[in-house]
Amino acid sequence: AMEGGGSARIREGDCAVLKRDEVFKAVSVLRRRKIIFEKQWFYLDNAIGHVYGTTFEVTSGGNLQPKQEVEETTTETKEAGTDNRNIVDDGKSQKLTHDDIKALKDKGIKGQEIVQQLIENSTTFRDKTEFAQDKYIKKKKKKYEAVITIVKPSTRILSTMYYAREPGKISHMRYDTLAQMLTLGNIHAGNKMIVMETCAGLVLGAVMERMGGYGSIIQMYPGGGPVRAATSCFGFPKPFFDNLHEFPLSKVQSLLSGTFTTETLPADPEDNALVEEESNGLTEEKQTSLQETEEEPSPEAAMEINPTEEQDTMDINAEDVEFKENKEKENKENVREKQIKQWERRKKLIEAAALLREKNADGLIVASKFHPTPLLLSLLEFVAPSRPFVVYCQYKEPLLDCYTKLRERGGVINLKLSETWLRNYQVLPDRSHPKLTMSGGGGYLLSGITVILDKGKSDPSNSEALKMEEPSSKRCKLQDLPC
């Protein structure tokens with residue numbers, strides 16, 4: 001089955017997803033790089049140039065070969081037992097030993113044939129019911145037929161992968177919950193979105209995919225810098241990142257109160273606090289040293305220009321001097337590079353601040369491990385009226401608290417707290433039933449729509465608010481509405 005990607009081809013340097021049954025793994029396509037997936041090792045070299053969605057077989061030496069479609073040969077009316085009650089799992093029913101199977105594998109015999117031999121050498125296979133036989137074949141095929149499909153990454157595939165492999169990294173957000181968020185948040189091309197997430201960049205990637213490179217996104221991040229591990233798995237083209245901005249949560253309050261400046265910025269927000277302390281003191285000195293180097297050559301350089309009489313002694317020290325010079329050169333270059341990075345970061349921060357100051361975002365999405373109430377109350381300030389917002393939380397209690405606080409504050413309507421319920425079914429003739437491995441919970445969502453907040457209600461210090469204390473404030477409200 002083709003999954004996404006149309007007829008896109010696998011290229012070197014791509015981000016791809018390996019799929020085997022219901023197991024996914026994201027990898028970068030690189031030549032001569034050993035990949036281990038589902039107890040199989042192989043190289044992706046041969047996959048380059050094939051269409052996404054192709055199924056490969058792992059042959060000897062870890063090479064991938066496109067799998068030829070073989071129609072299932074149905075064995076003439078299988079002998080099958082009526083029930084399994086007489087079958088005892090004592091481990092003696094299989095005549096082939098572990099070493100026999102290994103020998104078959106080493107000979108390069110295909111998985112299909114190994115499975116056939118296992119069936120022939122099983123003493124109990126004939127007595128099993130038809131269903132049990134199918135199950136047996138399926139299980140052995142999974143073990144001995146090394147088949148891998150390479151698919152193009154998408155929100156659905158990556159969220160399924162994260163939820164199965166490392167749910168902790170995405171706050172246990174199930175894929176159907178993420179789908180609900182994208183719908184409730186009304187995400188589409190041309191939006192101006194604020195995203196605050198600690199889900200390894202999966203939610204951000206999902207929003208970017210929906211917006212298709214049109215519109216702008218401001219990612220609010222805690223700590224030193226935004227985390228985008230999952231975002232990079234999507235393999236978005238470069239232009240998608242042109243309108244992606246980031247802004248630190250630590251600066252939100254100062255931006256709202258109007259005291260925000262980039263001067264108070266730590267010199268290098270990417271580095272940890274310890275480095276910040278050092279660099280803060282050093283920046284001025286570094287800057288002055290930089291200006292000096294531009295204006296005049298250093299004394300060592302001058303020394304080299306004048307030939308010295310003590311040529312012999314120089315030779316011994318020449319290496320040392322050269323080493324020192326190179327070191328200094330490197331240091332100066334590093335300082336310069338750091339400064340350029342700093343300026344760029346500052347520029348980006350100013351741009352993001354300007355975008356937020358307009359207070360006209362088309363939506364807000366919060367999915368983090370932090371308590372949602374303070375986040376939401378401050379971030380909603382940047383959202384235009386009659387726009388949707390969605391908050392995800394793994395537990396419902398924080399969202400209940402958030403719900404009551406928002407009700408008290410006003411400025412929102414249509415508040416809903418919901419949880420989606422997901423059930424997988426096995427659909428097979430005569431044995432369709434819910435799968436036994438149903439997921440327990442996929443998290444909770446609080447969604448709503450912003451409206452113009454009547455300042456009178458929330459801030460009684462206003463003199464107008466005092467005048468308006470009579471309950472007949474409805475008339476005033478109507479006049480305030482823009483036509």
# chains A, B, ... in the order shown; residues from 1 in each chain; ligands from 1
>>> closest_atom_pairs(of="range 395-463 of chain A", to="range 120-131 of chain A", cutoff="12 Å", atoms="only C-alpha atoms", output="Markdown table")
| residue | atom | partner | partner_atom | distance |
| --- | --- | --- | --- | --- |
| A:Leu428 | CA | A:Phe131 | CA | 10.3 |
| A:Pro429 | CA | A:Phe131 | CA | 10.0 |
| A:Asp430 | CA | A:Phe131 | CA | 9.5 |
| A:Arg431 | CA | A:Phe131 | CA | 8.8 |
>>> write_last_selection(atoms="all heavy atoms", output="compact mmCIF listing (two decimals), in the first residue's frame")
# COMPACT_ATOMS: atom_id res chain seq x y z
N LEU A 428 -10.88 -9.41 10.28
CA LEU A 428 -10.53 -10.59 9.50
C LEU A 428 -11.79 -11.44 9.41
O LEU A 428 -12.65 -11.37 10.29
CB LEU A 428 -9.42 -11.38 10.22
CG LEU A 428 -8.03 -10.77 10.17
CD1 LEU A 428 -7.10 -11.49 11.13
CD2 LEU A 428 -7.45 -10.81 8.77
N PRO A 429 -11.92 -12.26 8.36
CA PRO A 429 -13.14 -13.05 8.25
C PRO A 429 -13.37 -13.90 9.50
O PRO A 429 -12.44 -14.57 9.98
CB PRO A 429 -12.88 -13.94 7.02
CG PRO A 429 -11.46 -13.74 6.65
CD PRO A 429 -11.02 -12.46 7.24
N ASP A 430 -14.57 -13.85 10.03
CA ASP A 430 -14.97 -14.65 11.19
C ASP A 430 -14.25 -14.30 12.48
O ASP A 430 -14.43 -14.95 13.49
CB ASP A 430 -14.73 -16.15 10.93
CG ASP A 430 -15.69 -16.68 9.89
OD1 ASP A 430 -16.69 -15.97 9.65
OD2 ASP A 430 -15.43 -17.73 9.30
N ARG A 431 -13.33 -13.34 12.47
CA ARG A 431 -12.66 -13.03 13.74
C ARG A 431 -12.33 -11.56 13.82
O ARG A 431 -11.19 -11.15 13.99
CB ARG A 431 -11.41 -13.89 13.93
CG ARG A 431 -10.50 -13.89 12.74
CD ARG A 431 -9.66 -15.15 12.71
NE ARG A 431 -9.18 -15.34 11.34
CZ ARG A 431 -7.90 -15.43 11.02
NH1 ARG A 431 -6.98 -15.37 11.94
NH2 ARG A 431 -7.54 -15.60 9.78
>>> closest_atom_pairs(of="range 121-209 of chain A", to="range 62-65 of chain A", cutoff="10 Å", atoms="only C-alpha atoms", output="CSV")
residue,atom,partner,partner_atom,distance
A:Ala146,CA,A:Leu64,CA,9.8
A:Val147,CA,A:Leu64,CA,9.1
A:Ile148,CA,A:Leu64,CA,8.7
>>> closest_atom_pairs(of="range 188-275 of chain A", to="range 348-356 of chain A", cutoff="8 Å", atoms="only C-alpha atoms", output="CSV")
residue,atom,partner,partner_atom,distance
A:Ile218,CA,A:Ala352,CA,6.8
A:His245,CA,A:Ala352,CA,5.8
A:Glu246,CA,A:Ala352,CA,6.4
A:Phe247,CA,A:Ala352,CA,6.2
A:Leu255,CA,A:Ala353,CA,7.4
A:Thr262,CA,A:Ile350,CA,7.2
>>> write_last_selection(atoms="C-alpha atoms", output="mmCIF file, in the first residue's frame")
data_model
loop_
_atom_site.group_PDB
_atom_site.id
_atom_site.type_symbol
_atom_site.label_atom_id
_atom_site.label_comp_id
_atom_site.auth_asym_id
_atom_site.auth_seq_id
_atom_site.Cartn_x
_atom_site.Cartn_y
_atom_site.Cartn_z
ATOM 1 C CA ILE A 218 5.893 31.833 16.640
ATOM 2 C CA HIS A 245 10.047 32.420 14.745
ATOM 3 C CA GLU A 246 10.823 31.650 18.335
ATOM 4 C CA PHE A 247 10.392 33.592 21.547
ATOM 5 C CA LEU A 255 6.726 42.058 26.639
ATOM 6 C CA THR A 262 16.902 42.784 24.001
#
>>> closest_residue(among="A:Lys110, A:Lys169, A:Arg357, A:Arg156", to="Leu256 in chain A", atoms="only C-alpha atoms")
A:Arg357
>>> select_by_dssp(residues="range 182-228 of chain A", states="strand (DSSP E or B)", output="ChimeraX atom specification")
/A:192-197,216-221
>>> atom_distance(atom1="CA of Phe382 in chain A", atom2="CA of Val366 in chain A")
13.3 Å
>>> closest_atom_pairs(of="range 189-228 of chain A", to="range 163-167 of chain A", cutoff="12 Å", atoms="only C-alpha atoms", output="CSV")
residue,atom,partner,partner_atom,distance
A:Cys199,CA,A:Pro167,CA,9.3
A:Ala200,CA,A:Glu166,CA,10.5
A:Leu202,CA,A:Tyr163,CA,10.8
>>> atom_distance(atom1="CA of Lys347 in chain A", atom2="CA of Lys251 in chain A")
15.1 Å
>>> atom_distance(atom1="CA of Ile194 in chain A", atom2="CA of Ile340 in chain A")
27.2 Å
>>> residues_around(residues="Gln112 in chain A", least_positions_apart="5", cutoff="9 Å", atoms="only C-alpha atoms", output="JSON, numbers by chain")
{"A": [117, 141, 144, 145]}
>>> write_last_selection(atoms="C-alpha atoms", output="mmCIF file, in the first residue's frame")
data_model
loop_
_atom_site.group_PDB
_atom_site.id
_atom_site.type_symbol
_atom_site.label_atom_id
_atom_site.label_comp_id
_atom_site.auth_asym_id
_atom_site.auth_seq_id
_atom_site.Cartn_x
_atom_site.Cartn_y
_atom_site.Cartn_z
ATOM 1 C CA GLN A 117 10.290 -25.964 6.331
ATOM 2 C CA LYS A 141 6.889 -14.968 8.680
ATOM 3 C CA TYR A 144 12.137 -15.014 9.311
ATOM 4 C CA GLU A 145 10.977 -12.891 6.401
#
